[in-house]
>>> print(open('structure-v4.cif').read())   # mmCIF, C-alpha atoms
data_coords
#
loop_
_atom_site.label_atom_id
_atom_site.label_comp_id
_atom_site.auth_asym_id
_atom_site.auth_seq_id
_atom_site.Cartn_x
_atom_site.Cartn_y
_atom_site.Cartn_z
CA MET A 1 -71.80 154.54 99.63
CA THR A 2 -69.53 157.52 98.99
CA SER A 3 -70.65 160.99 97.97
CA SER A 4 -68.33 160.90 94.96
CA VAL A 5 -70.45 158.28 93.24
CA SER A 6 -73.87 158.95 94.77
CA GLU A 7 -76.32 160.89 92.61
CA THR A 8 -77.08 164.45 93.62
CA HIS A 9 -80.15 165.03 91.43
CA VAL A 10 -83.52 163.32 91.21
CA LEU A 11 -84.63 161.65 87.99
CA ARG A 12 -88.19 160.69 87.12
CA ASP A 13 -89.82 158.95 84.17
CA ALA A 14 -93.28 157.57 83.36
CA LEU A 15 -92.73 154.76 85.89
CA GLY A 16 -91.89 157.16 88.73
CA LEU A 17 -88.76 158.17 90.60
CA LEU A 18 -85.55 156.39 89.68
CA LYS A 19 -83.61 154.86 92.55
CA ASP A 20 -80.08 155.99 93.28
CA ARG A 21 -77.72 154.06 91.02
CA GLU A 22 -75.46 153.07 93.92
CA GLN A 23 -78.35 151.83 96.06
CA VAL A 24 -79.53 149.61 93.21
CA ALA A 25 -76.03 148.21 92.73
CA ASP A 26 -75.55 147.59 96.47
CA ARG A 27 -78.75 145.52 96.60
CA LEU A 28 -77.78 143.56 93.50
CA LEU A 29 -74.35 142.85 94.98
CA GLU A 30 -76.00 141.55 98.16
CA SER A 31 -78.25 139.31 96.09
CA SER A 32 -75.28 138.07 94.07
CA ALA A 33 -73.46 137.12 97.26
CA LYS A 34 -76.45 135.04 98.42
CA HIS A 35 -77.70 133.54 95.15
CA SER A 36 -74.84 132.78 92.78
CA PHE A 37 -73.88 129.36 91.45
CA ASP A 38 -70.88 127.55 90.05
CA PRO A 39 -72.50 125.35 87.38
CA ASP A 40 -69.46 123.06 87.28
CA THR A 41 -70.20 121.93 90.83
CA ALA A 42 -73.90 122.82 91.26
CA LEU A 43 -75.01 120.50 88.44
CA ASP A 44 -74.42 116.76 88.04
CA TRP A 45 -72.81 116.58 84.62
CA ASP A 46 -72.17 112.84 84.95
CA THR A 47 -75.87 111.93 85.06
CA PRO A 48 -76.82 109.98 81.91
CA ILE A 49 -79.32 111.47 79.48
CA GLU A 50 -82.81 110.37 80.57
CA GLU A 51 -84.78 108.26 78.09
CA GLY A 52 -88.17 109.65 77.16
CA LYS A 53 -87.52 113.17 78.44
CA TRP A 54 -87.45 116.34 76.37
CA PHE A 55 -84.60 118.80 76.05
CA TRP A 56 -87.09 121.66 75.67
CA PRO A 57 -90.84 121.85 76.41
CA PRO A 58 -92.66 120.77 73.24
CA GLU A 59 -94.95 123.82 73.31
CA LEU A 60 -91.85 126.02 72.94
CA VAL A 61 -90.46 124.09 69.95
CA SER A 62 -90.78 126.23 66.81
CA LEU A 63 -92.87 123.75 64.79
CA TYR A 64 -95.29 122.87 67.58
CA ASP A 65 -98.92 122.59 66.41
CA THR A 66 -98.06 123.05 62.72
CA PRO A 67 -99.18 120.57 60.02
CA LEU A 68 -95.59 119.34 59.81
CA TRP A 69 -95.45 118.78 63.60
CA ARG A 70 -98.64 116.74 63.45
CA ARG A 71 -97.08 114.47 60.82
CA MET A 72 -93.84 113.95 62.76
CA PRO A 73 -93.42 110.86 64.95
CA GLU A 74 -92.79 111.55 68.65
CA GLU A 75 -89.15 110.50 68.38
CA GLN A 76 -88.50 113.07 65.66
CA ARG A 77 -90.29 115.77 67.66
CA MET A 78 -88.07 115.06 70.66
CA ASP A 79 -84.99 115.11 68.45
CA LEU A 80 -86.01 118.51 67.09
CA ALA A 81 -86.42 119.77 70.67
CA ARG A 82 -82.88 118.55 71.46
CA HIS A 83 -81.45 120.40 68.46
CA GLU A 84 -83.45 123.55 69.19
CA ALA A 85 -82.20 123.54 72.77
CA ALA A 86 -78.66 123.44 71.36
CA SER A 87 -79.52 126.24 68.93
CA LEU A 88 -80.93 128.43 71.70
CA ALA A 89 -77.94 127.74 73.94
CA SER A 90 -75.64 128.70 71.04
CA LEU A 91 -77.63 131.90 70.55
CA GLY A 92 -77.35 132.56 74.28
CA ILE A 93 -73.57 132.25 74.21
CA TRP A 94 -73.36 134.62 71.22
CA PHE A 95 -75.56 137.16 72.94
CA GLU A 96 -73.75 136.93 76.27
CA ILE A 97 -70.37 137.51 74.63
CA ILE A 98 -71.85 140.65 73.04
CA LEU A 99 -73.29 141.69 76.41
CA MET A 100 -69.97 141.24 78.20
CA GLN A 101 -68.26 143.54 75.69
CA LEU A 102 -71.01 146.15 76.00
CA LEU A 103 -70.79 146.07 79.81
CA VAL A 104 -67.02 146.57 79.71
CA ARG A 105 -67.55 149.57 77.43
CA HIS A 106 -70.25 150.93 79.76
CA ILE A 107 -67.99 150.95 82.84
CA TYR A 108 -64.82 152.14 81.10
CA ASP A 109 -65.43 155.78 82.10
CA LYS A 110 -67.30 155.13 85.36
CA PRO A 111 -65.84 155.56 88.87
CA LEU A 112 -63.74 152.45 89.47
CA THR A 113 -64.64 152.07 93.15
CA SER A 114 -68.39 152.51 92.67
CA ALA A 115 -70.85 149.75 93.46
CA HIS A 116 -72.29 150.28 89.97
CA VAL A 117 -68.99 149.21 88.40
CA ARG A 118 -68.47 146.39 90.89
CA TYR A 119 -71.88 144.99 90.04
CA ALA A 120 -71.17 145.22 86.30
CA LEU A 121 -67.99 143.19 86.87
CA THR A 122 -70.02 140.69 88.92
CA GLU A 123 -72.50 140.37 86.07
CA ILE A 124 -69.69 139.82 83.57
CA ALA A 125 -68.45 136.98 85.77
CA ASP A 126 -72.00 135.54 85.81
CA GLU A 127 -72.17 135.69 82.02
CA CYS A 128 -68.81 133.95 81.69
CA ARG A 129 -70.14 131.08 83.79
CA HIS A 130 -73.42 131.00 81.83
CA SER A 131 -71.60 130.77 78.50
CA LYS A 132 -69.48 127.88 79.74
CA MET A 133 -72.58 126.21 81.18
CA PHE A 134 -74.50 126.49 77.90
CA ALA A 135 -71.53 125.13 75.95
CA ARG A 136 -71.28 122.18 78.29
CA MET A 137 -75.02 121.51 77.99
CA ILE A 138 -74.78 121.47 74.18
CA HIS A 139 -71.93 118.98 74.35
CA LYS A 140 -73.77 116.79 76.86
CA GLY A 141 -76.90 116.69 74.70
CA GLY A 142 -74.97 115.43 71.69
CA ALA A 143 -76.32 118.02 69.22
CA PRO A 144 -73.93 120.34 67.38
CA ALA A 145 -73.41 123.97 68.24
CA TYR A 146 -75.40 126.32 66.00
CA PRO A 147 -73.61 129.62 65.36
CA VAL A 148 -75.72 132.47 64.01
CA ALA A 149 -75.55 133.28 60.30
CA ARG A 150 -72.42 135.14 59.19
CA ILE A 151 -74.42 138.26 58.29
CA HIS A 152 -75.90 138.44 61.81
CA HIS A 153 -72.50 137.72 63.36
CA ASN A 154 -71.03 140.67 61.45
CA LEU A 155 -74.01 142.97 62.07
CA ALA A 156 -73.47 142.34 65.78
CA ARG A 157 -69.83 143.33 65.32
CA VAL A 158 -71.04 146.69 63.99
CA LEU A 159 -73.57 147.01 66.83
CA LYS A 160 -70.86 146.45 69.44
CA THR A 161 -68.78 149.21 67.83
CA VAL A 162 -71.39 151.93 67.41
CA SER A 163 -73.91 151.18 70.17
CA THR A 164 -74.66 153.98 72.61
CA THR A 165 -75.22 153.25 76.29
CA PRO A 166 -79.05 153.22 76.14
CA GLY A 167 -78.89 151.17 72.94
CA SER A 168 -76.66 148.65 74.67
CA PHE A 169 -79.07 148.18 77.57
CA ALA A 170 -82.11 147.96 75.29
CA CYS A 171 -80.39 145.17 73.34
CA THR A 172 -79.36 143.51 76.59
CA LEU A 173 -82.98 143.27 77.68
CA LEU A 174 -84.01 141.93 74.28
CA GLY A 175 -81.55 139.06 74.64
CA GLU A 176 -82.39 138.35 78.26
CA GLU A 177 -86.12 138.69 78.76
CA ILE A 178 -87.55 136.44 76.02
CA LEU A 179 -85.23 133.54 76.83
CA ASP A 180 -85.86 134.14 80.53
CA TRP A 181 -89.63 133.76 79.98
CA MET A 182 -89.07 130.46 78.18
CA GLN A 183 -86.71 129.20 80.85
CA ARG A 184 -89.19 130.03 83.61
CA LEU A 185 -91.53 127.58 81.90
CA THR A 186 -88.76 125.02 81.47
CA PHE A 187 -87.12 124.56 84.87
CA PRO A 188 -90.28 123.38 86.73
CA ASP A 189 -91.35 121.11 83.82
CA GLU A 190 -90.83 117.47 84.85
CA ARG A 191 -91.08 116.31 81.23
CA VAL A 192 -87.72 117.99 80.61
CA GLN A 193 -84.24 116.53 81.20
CA THR A 194 -83.07 117.12 84.78
CA LEU A 195 -79.81 118.67 83.59
CA VAL A 196 -81.60 121.13 81.29
CA ARG A 197 -83.94 122.08 84.13
CA GLY A 198 -80.93 122.73 86.36
CA VAL A 199 -79.25 124.87 83.73
CA THR A 200 -82.38 126.96 83.18
CA ARG A 201 -82.98 127.37 86.91
CA ILE A 202 -79.48 128.77 87.49
CA HIS A 203 -79.88 131.09 84.53
CA VAL A 204 -83.29 132.37 85.67
CA VAL A 205 -82.09 133.11 89.22
CA GLU A 206 -79.00 135.00 88.09
CA GLU A 207 -80.62 136.70 85.08
CA ALA A 208 -83.22 138.34 87.34
CA ARG A 209 -80.44 140.58 88.68
CA HIS A 210 -79.14 141.33 85.19
CA VAL A 211 -82.60 142.38 84.03
CA ARG A 212 -83.01 144.69 87.05
CA TYR A 213 -79.62 146.32 86.40
CA ALA A 214 -80.35 146.83 82.68
CA ARG A 215 -83.89 148.14 83.25
CA GLU A 216 -82.79 150.68 85.86
CA GLU A 217 -79.94 151.90 83.67
CA LEU A 218 -82.07 152.10 80.51
CA ARG A 219 -84.69 154.14 82.38
CA ARG A 220 -81.96 156.50 83.52
CA GLN A 221 -80.50 156.81 80.03
CA MET A 222 -83.87 157.47 78.37
CA VAL A 223 -84.36 160.40 80.77
CA SER A 224 -80.86 161.85 80.74
CA SER A 225 -79.49 161.15 77.24
CA PRO A 226 -79.66 163.74 74.46
CA ARG A 227 -82.54 163.53 71.99
CA TRP A 228 -80.42 162.11 69.14
CA GLU A 229 -79.23 159.26 71.36
CA ARG A 230 -82.76 158.37 72.45
CA GLN A 231 -83.88 158.34 68.82
CA LEU A 232 -80.92 156.16 67.81
CA THR A 233 -81.82 153.77 70.65
CA ARG A 234 -85.34 153.40 69.28
CA ILE A 235 -84.02 152.48 65.83
CA SER A 236 -81.13 150.26 66.97
CA SER A 237 -83.30 148.28 69.39
CA GLY A 238 -85.90 147.76 66.65
CA GLU A 239 -83.26 146.50 64.24
CA ALA A 240 -81.82 144.26 66.96
CA ALA A 241 -85.33 142.83 67.54
CA ARG A 242 -85.65 142.08 63.83
CA ILE A 243 -82.29 140.28 63.75
CA PHE A 244 -82.97 138.45 67.01
CA SER A 245 -86.31 137.09 65.79
CA VAL A 246 -84.73 135.79 62.57
CA ALA A 247 -81.74 134.25 64.37
CA PHE A 248 -83.75 132.76 67.23
CA VAL A 249 -83.68 129.22 65.82
CA ASN A 250 -81.02 128.20 63.30
CA PRO A 251 -82.85 126.64 60.28
CA GLN A 252 -80.15 123.97 60.05
CA VAL A 253 -81.91 122.21 62.96
CA TYR A 254 -84.66 121.14 60.56
CA THR A 255 -82.24 119.57 58.09
CA ASN A 256 -80.38 117.83 60.90
CA VAL A 257 -83.51 116.01 62.07
CA GLY A 258 -84.52 114.96 58.57
CA LEU A 259 -87.03 117.70 57.65
CA ASP A 260 -87.26 119.89 54.58
CA LYS A 261 -85.77 123.19 55.70
CA ARG A 262 -87.84 125.39 53.38
CA GLU A 263 -91.10 123.74 54.34
CA ALA A 264 -90.26 123.94 58.05
CA VAL A 265 -89.27 127.62 57.92
CA ALA A 266 -92.42 128.47 55.97
CA GLN A 267 -94.64 126.70 58.47
CA VAL A 268 -92.98 128.40 61.43
CA LYS A 269 -93.61 131.78 59.78
CA GLU A 270 -97.29 130.92 59.30
CA SER A 271 -97.75 129.41 62.76
CA GLY A 272 -100.19 131.31 64.94
CA HIS A 273 -98.98 129.34 67.96
CA ARG A 274 -95.35 130.33 67.35
CA ARG A 275 -96.30 133.96 66.88
CA GLU A 276 -98.22 133.88 70.17
CA VAL A 277 -95.27 132.25 71.98
CA MET A 278 -92.80 134.88 70.77
CA GLN A 279 -95.11 137.82 71.45
CA THR A 280 -96.06 136.50 74.89
CA GLY A 281 -92.38 135.97 75.69
CA ALA A 282 -91.61 139.54 74.65
CA LYS A 283 -94.68 141.22 76.18
CA ARG A 284 -93.20 142.09 79.56
CA LEU A 285 -90.27 143.73 77.74
CA THR A 286 -92.33 145.53 75.09
CA ASP A 287 -94.72 146.87 77.75
CA PHE A 288 -91.71 148.25 79.64
CA LEU A 289 -90.14 149.76 76.50
CA GLU A 290 -93.49 151.32 75.61
CA GLU A 291 -93.76 152.99 79.01
CA ILE A 292 -90.26 154.49 78.95
CA GLY A 293 -90.56 155.82 75.40
CA VAL A 294 -88.47 153.37 73.35
CA LEU A 295 -91.25 152.04 71.09
CA ARG A 296 -91.81 155.07 68.89
CA GLY A 297 -91.53 156.00 65.22
CA VAL A 298 -89.31 153.93 62.96
CA GLY A 299 -88.19 151.83 65.91
CA ARG A 300 -91.76 150.78 66.64
CA ARG A 301 -92.26 149.75 63.02
CA LEU A 302 -89.09 147.65 63.19
CA TRP A 303 -90.35 145.97 66.35
CA ARG A 304 -93.62 145.15 64.60
CA SER A 305 -91.80 143.73 61.59
CA SER A 306 -89.81 141.48 63.94
CA GLY A 307 -93.04 139.75 64.98
CA LEU A 308 -92.27 140.35 68.67
CA LEU A 309 -94.71 143.24 69.09
CA ALA A 310 -98.39 142.48 68.66
#
>>> encode(input="structure-v4.cif", output="structure tokens")
Amino acid sequence: MTSSVSETHVLRDALGLLKDREQVADRLLESSAKHSFDPDTALDWDTPIEEGKWFWPPELVSLYDTPLWRRMPEEQRMDLARHEAASLASLGIWFEIILMQLLVRHIYDKPLTSAHVRYALTEIADECRHSKMFARMIHKGGAPAYPVARIHHNLARVLKTVSTTPGSFACTLLGEEILDWMQRLTFPDERVQTLVRGVTRIHVVEEARHVRYAREELRRQMVSSPRWERQLTRISSGEAARIFSVAFVNPQVYTNVGLDKREAVAQVKESGHRREVMQTGAKRLTDFLEEIGVLRGVGRRLWRSSGLLA
């Protein structure tokens, strides 16, 4: 570590002292060297799809335990899980492309030889591999790709343009932590396709580093950024949560498995089980954002309206 990039002042927030940015990056780089994967070679893409296995745990399928779900035959339920897995993978690719652009913006003015920048470049390489891996999984499963709605696609274009650094890392965690929670339930689940379990395991292992990097940097930004930027972060992250919750599953999946889209969407909105799944998946993140001062004012109300905050 060189003195030119090491921090010379101590920062503290509600969670305690913040670690030196370079020390955090050095540890993440060490972890990356030991625990990184090439999905093209680490996974057996030639293995046939396994009969009778799910593409996503049934409890995590949006319609699970609704009246409509109870009327659906098992084959249709499994088909919906396959399409929802493709929808989530498509959402993941969209979000990771946004994240890569935000990371490049973040390091544009940072010291080029710092470990902090080197780790950001390492993470960008991880996200490139993840996006290719998700695309390949969609193709292997035989379901179509599910791009987000045009309005959300264009809202994200605005977000990428105007997002501040703390706003970027808050949105990064939103995209990473809920899917990570679901994938931690998926990769050990023997009911699920072996390939899908392998994909989720790789993503969980590598995403753990990304979450650590984003959390440490967001903590730093919420302490050191000017007041207007912290307030903008609260609002932008709340709006991102609202968009994310709406875009989480593309409603076209219901039509594509032979269901009435309006009825399915209505039942998902009314589902207590689905609400619990989404709030449980977001709880680790919302607890963290609460502690560091992100969930306040208008932003908090937006988070509540998203359904992700209990």
>>> closest_residue(input="structure-v4.cif", among="A:His153, A:Lys261, A:Arg304, A:Arg284", to="Leu63 in chain A", atoms="all atoms listed in the file")
A:Lys261
>>> residues_around(input="structure-v4.cif", residues="range 235-252 of chain A", least_positions_apart="4", cutoff="9 Å", atoms="only C-alpha atoms", output="mmCIF file with C-alpha atoms, in the frame of the given file")
data_model
loop_
_atom_site.group_PDB
_atom_site.id
_atom_site.type_symbol
_atom_site.label_atom_id
_atom_site.label_comp_id
_atom_site.auth_asym_id
_atom_site.auth_seq_id
_atom_site.Cartn_x
_atom_site.Cartn_y
_atom_site.Cartn_z
ATOM 1 C CA SER A 62 -90.780 126.230 66.810
ATOM 2 C CA GLU A 84 -83.450 123.550 69.190
ATOM 3 C CA SER A 87 -79.520 126.240 68.930
ATOM 4 C CA LEU A 88 -80.930 128.430 71.700
ATOM 5 C CA LEU A 91 -77.630 131.900 70.550
ATOM 6 C CA TYR A 146 -75.400 126.320 66.000
ATOM 7 C CA PRO A 147 -73.610 129.620 65.360
ATOM 8 C CA VAL A 148 -75.720 132.470 64.010
ATOM 9 C CA ALA A 149 -75.550 133.280 60.300
ATOM 10 C CA HIS A 152 -75.900 138.440 61.810
ATOM 11 C CA LEU A 155 -74.010 142.970 62.070
ATOM 12 C CA ALA A 156 -73.470 142.340 65.780
ATOM 13 C CA LEU A 159 -73.570 147.010 66.830
ATOM 14 C CA SER A 163 -73.910 151.180 70.170
ATOM 15 C CA GLY A 167 -78.890 151.170 72.940
ATOM 16 C CA SER A 168 -76.660 148.650 74.670
ATOM 17 C CA ALA A 170 -82.110 147.960 75.290
ATOM 18 C CA CYS A 171 -80.390 145.170 73.340
ATOM 19 C CA LEU A 174 -84.010 141.930 74.280
ATOM 20 C CA GLY A 175 -81.550 139.060 74.640
ATOM 21 C CA ARG A 230 -82.760 158.370 72.450
ATOM 22 C CA GLN A 231 -83.880 158.340 68.820
ATOM 23 C CA ASN A 256 -80.380 117.830 60.900
ATOM 24 C CA VAL A 257 -83.510 116.010 62.070
ATOM 25 C CA LYS A 261 -85.770 123.190 55.700
ATOM 26 C CA ARG A 262 -87.840 125.390 53.380
ATOM 27 C CA ALA A 264 -90.260 123.940 58.050
ATOM 28 C CA VAL A 265 -89.270 127.620 57.920
ATOM 29 C CA MET A 278 -92.800 134.880 70.770
ATOM 30 C CA VAL A 294 -88.470 153.370 73.350
ATOM 31 C CA LEU A 295 -91.250 152.040 71.090
ATOM 32 C CA ARG A 296 -91.810 155.070 68.890
ATOM 33 C CA GLY A 297 -91.530 156.000 65.220
ATOM 34 C CA VAL A 298 -89.310 153.930 62.960
ATOM 35 C CA GLY A 299 -88.190 151.830 65.910
ATOM 36 C CA ARG A 300 -91.760 150.780 66.640
ATOM 37 C CA ARG A 301 -92.260 149.750 63.020
ATOM 38 C CA LEU A 302 -89.090 147.650 63.190
ATOM 39 C CA TRP A 303 -90.350 145.970 66.350
ATOM 40 C CA ARG A 304 -93.620 145.150 64.600
ATOM 41 C CA SER A 305 -91.800 143.730 61.590
ATOM 42 C CA SER A 306 -89.810 141.480 63.940
ATOM 43 C CA GLY A 307 -93.040 139.750 64.980
ATOM 44 C CA LEU A 308 -92.270 140.350 68.670
#
>>> closest_residue(input="structure-v4.cif", among="A:Leu259, A:Leu112, A:Ile93, A:Val61", to="Val277 in chain A", atoms="all atoms listed in the file")
A:Val61
>>> resolve_selection(input="structure-v4.cif", expression="the PyMOL selection byres ((chain A and resi 199) around 9)", output="list in words")
Pro39, Leu43, His130, Met133, Phe134, Met137, Phe187, Thr194, Leu195, Val196, Arg197, Gly198, Thr200, Arg201, Ile202, His203 and Val204 of chain A
>>> residues_around(input="structure-v4.cif", residues="Glu216 in chain A", least_positions_apart="4", cutoff="12 Å", atoms="all atoms listed in the file", output="number ranges by chain")
A: 11-13, 15-25, 28, 116, 166, 169-170, 173, 209-212, 220-223, 288-289, 292
>>> axis_aligned_box(input="structure-v4.cif", around="range 285-303 of chain A", padding_each_side="4 Å", output="AutoDock Vina command-line options")
--center_x -91.5 --center_y 149.9 --center_z 71.3 --size_x 14.5 --size_y 20.3 --size_z 24.7
>>> residues_around(input="structure-v4.cif", residues="range 66-76 of chain A", least_positions_apart="6", cutoff="10 Å", atoms="all atoms listed in the file", output="PDB file with C-alpha atoms, keeping the file's coordinate frame")
ATOM      1  CA  GLY A  52     -88.170 109.650  77.160  1.00  0.00           C
ATOM      2  CA  ARG A  82     -82.880 118.550  71.460  1.00  0.00           C
ATOM      3  CA  VAL A 257     -83.510 116.010  62.070  1.00  0.00           C
ATOM      4  CA  GLY A 258     -84.520 114.960  58.570  1.00  0.00           C
ATOM      5  CA  LEU A 259     -87.030 117.700  57.650  1.00  0.00           C
ATOM      6  CA  ASP A 260     -87.260 119.890  54.580  1.00  0.00           C
ATOM      7  CA  GLU A 263     -91.100 123.740  54.340  1.00  0.00           C
ATOM      8  CA  ALA A 264     -90.260 123.940  58.050  1.00  0.00           C
ATOM      9  CA  GLN A 267     -94.640 126.700  58.470  1.00  0.00           C
ATOM     10  CA  VAL A 268     -92.980 128.400  61.430  1.00  0.00           C
ATOM     11  CA  GLU A 270     -97.290 130.920  59.300  1.00  0.00           C
ATOM     12  CA  SER A 271     -97.750 129.410  62.760  1.00  0.00           C
ATOM     13  CA  GLY A 272    -100.190 131.310  64.940  1.00  0.00           C
ATOM     14  CA  HIS A 273     -98.980 129.340  67.960  1.00  0.00           C
ATOM     15  CA  ARG A 274     -95.350 130.330  67.350  1.00  0.00           C
TER      16      ARG A 274
END
>>> closest_residue(input="structure-v4.cif", among="A:Glu291, A:Arg234, A:Arg215, A:Ala85", to="Gly142 in chain A", atoms="all atoms listed in the file")
A:Ala85
>>> closest_residue(input="structure-v4.cif", among="A:Lys283, A:Arg136, A:Arg191, A:Lys269", to="Glu59 in chain A", atoms="all atoms listed in the file")
A:Arg191
>>> resolve_selection(input="structure-v4.cif", expression="the PyMOL selection byres ((chain A and resi 178) around 8)", output="MDAnalysis selection string")
chainID A and resid 174:177 179:182 278 281:282 285
>>> atom_distance(input="structure-v4.cif", atom1="CA of Ala135 in chain A", atom2="CA of Ala42 in chain A")
15.7 Å
>>> closest_residue(input="structure-v4.cif", among="A:Val117, A:Ala143, A:Cys128, A:Leu185", to="Phe37 in chain A", atoms="all atoms listed in the file")
A:Cys128
>>> decode(input="structure-v4.cif", residues="range 119-141 of chain A", atoms="N, CA and C atoms", output="PDB file, in the first residue's frame")
ATOM      1  N   TYR A 119      -9.446  -3.387  -7.691  1.00  0.00           N
ATOM      2  CA  TYR A 119     -10.550  -4.267  -7.335  1.00  0.00           C
ATOM      3  C   TYR A 119     -11.808  -3.948  -8.139  1.00  0.00           C
ATOM      4  N   ALA A 120     -12.085  -2.665  -8.359  1.00  0.00           N
ATOM      5  CA  ALA A 120     -13.254  -2.306  -9.171  1.00  0.00           C
ATOM      6  C   ALA A 120     -13.150  -2.926 -10.561  1.00  0.00           C
ATOM      7  N   LEU A 121     -11.964  -2.906 -11.154  1.00  0.00           N
ATOM      8  CA  LEU A 121     -11.765  -3.522 -12.469  1.00  0.00           C
ATOM      9  C   LEU A 121     -11.950  -5.037 -12.392  1.00  0.00           C
ATOM     10  N   THR A 122     -11.516  -5.630 -11.282  1.00  0.00           N
ATOM     11  CA  THR A 122     -11.722  -7.067 -11.066  1.00  0.00           C
ATOM     12  C   THR A 122     -13.207  -7.385 -10.985  1.00  0.00           C
ATOM     13  N   GLU A 123     -13.944  -6.540 -10.278  1.00  0.00           N
ATOM     14  CA  GLU A 123     -15.384  -6.760 -10.153  1.00  0.00           C
ATOM     15  C   GLU A 123     -16.082  -6.604 -11.506  1.00  0.00           C
ATOM     16  N   ILE A 124     -15.660  -5.641 -12.287  1.00  0.00           N
ATOM     17  CA  ILE A 124     -16.238  -5.470 -13.627  1.00  0.00           C
ATOM     18  C   ILE A 124     -16.023  -6.735 -14.452  1.00  0.00           C
ATOM     19  N   ALA A 125     -14.828  -7.324 -14.336  1.00  0.00           N
ATOM     20  CA  ALA A 125     -14.557  -8.578 -15.049  1.00  0.00           C
ATOM     21  C   ALA A 125     -15.473  -9.696 -14.552  1.00  0.00           C
ATOM     22  N   ASP A 126     -15.696  -9.754 -13.220  1.00  0.00           N
ATOM     23  CA  ASP A 126     -16.638 -10.733 -12.663  1.00  0.00           C
ATOM     24  C   ASP A 126     -18.019 -10.550 -13.278  1.00  0.00           C
ATOM     25  N   GLU A 127     -18.484  -9.293 -13.322  1.00  0.00           N
ATOM     26  CA  GLU A 127     -19.838  -9.028 -13.814  1.00  0.00           C
ATOM     27  C   GLU A 127     -19.968  -9.357 -15.297  1.00  0.00           C
ATOM     28  N   CYS A 128     -18.915  -9.153 -16.054  1.00  0.00           N
ATOM     29  CA  CYS A 128     -18.933  -9.571 -17.467  1.00  0.00           C
ATOM     30  C   CYS A 128     -19.171 -11.081 -17.565  1.00  0.00           C
ATOM     31  N   ARG A 129     -18.440 -11.849 -16.758  1.00  0.00           N
ATOM     32  CA  ARG A 129     -18.599 -13.295 -16.787  1.00  0.00           C
ATOM     33  C   ARG A 129     -19.997 -13.706 -16.314  1.00  0.00           C
ATOM     34  N   HIS A 130     -20.506 -13.025 -15.282  1.00  0.00           N
ATOM     35  CA  HIS A 130     -21.845 -13.348 -14.785  1.00  0.00           C
ATOM     36  C   HIS A 130     -22.907 -13.103 -15.855  1.00  0.00           C
ATOM     37  N   SER A 131     -22.802 -11.997 -16.556  1.00  0.00           N
ATOM     38  CA  SER A 131     -23.792 -11.678 -17.589  1.00  0.00           C
ATOM     39  C   SER A 131     -23.774 -12.728 -18.695  1.00  0.00           C
ATOM     40  N   LYS A 132     -22.580 -13.138 -19.095  1.00  0.00           N
ATOM     41  CA  LYS A 132     -22.487 -14.193 -20.117  1.00  0.00           C
ATOM     42  C   LYS A 132     -23.042 -15.510 -19.586  1.00  0.00           C
ATOM     43  N   MET A 133     -22.768 -15.792 -18.316  1.00  0.00           N
ATOM     44  CA  MET A 133     -23.250 -17.029 -17.697  1.00  0.00           C
ATOM     45  C   MET A 133     -24.773 -17.049 -17.635  1.00  0.00           C
ATOM     46  N   PHE A 134     -25.382 -15.937 -17.228  1.00  0.00           N
ATOM     47  CA  PHE A 134     -26.841 -15.876 -17.157  1.00  0.00           C
ATOM     48  C   PHE A 134     -27.466 -16.030 -18.543  1.00  0.00           C
ATOM     49  N   ALA A 135     -26.847 -15.382 -19.536  1.00  0.00           N
ATOM     50  CA  ALA A 135     -27.375 -15.491 -20.903  1.00  0.00           C
ATOM     51  C   ALA A 135     -27.314 -16.937 -21.388  1.00  0.00           C
ATOM     52  N   ARG A 136     -26.233 -17.605 -21.070  1.00  0.00           N
ATOM     53  CA  ARG A 136     -26.085 -18.994 -21.495  1.00  0.00           C
ATOM     54  C   ARG A 136     -27.081 -19.892 -20.778  1.00  0.00           C
ATOM     55  N   MET A 137     -27.365 -19.598 -19.498  1.00  0.00           N
ATOM     56  CA  MET A 137     -28.342 -20.378 -18.748  1.00  0.00           C
ATOM     57  C   MET A 137     -29.739 -20.201 -19.335  1.00  0.00           C
ATOM     58  N   ILE A 138     -30.094 -18.982 -19.707  1.00  0.00           N
ATOM     59  CA  ILE A 138     -31.401 -18.737 -20.332  1.00  0.00           C
ATOM     60  C   ILE A 138     -31.532 -19.568 -21.594  1.00  0.00           C
ATOM     61  N   HIS A 139     -30.502 -19.526 -22.418  1.00  0.00           N
ATOM     62  CA  HIS A 139     -30.530 -20.268 -23.687  1.00  0.00           C
ATOM     63  C   HIS A 139     -30.649 -21.768 -23.435  1.00  0.00           C
ATOM     64  N   LYS A 140     -29.901 -22.264 -22.453  1.00  0.00           N
ATOM     65  CA  LYS A 140     -29.923 -23.701 -22.155  1.00  0.00           C
ATOM     66  C   LYS A 140     -31.298 -24.148 -21.658  1.00  0.00           C
ATOM     67  N   GLY A 141     -31.973 -23.277 -20.901  1.00  0.00           N
ATOM     68  CA  GLY A 141     -33.277 -23.640 -20.353  1.00  0.00           C
ATOM     69  C   GLY A 141     -34.402 -23.620 -21.369  1.00  0.00           C
TER      70      GLY A 141
END
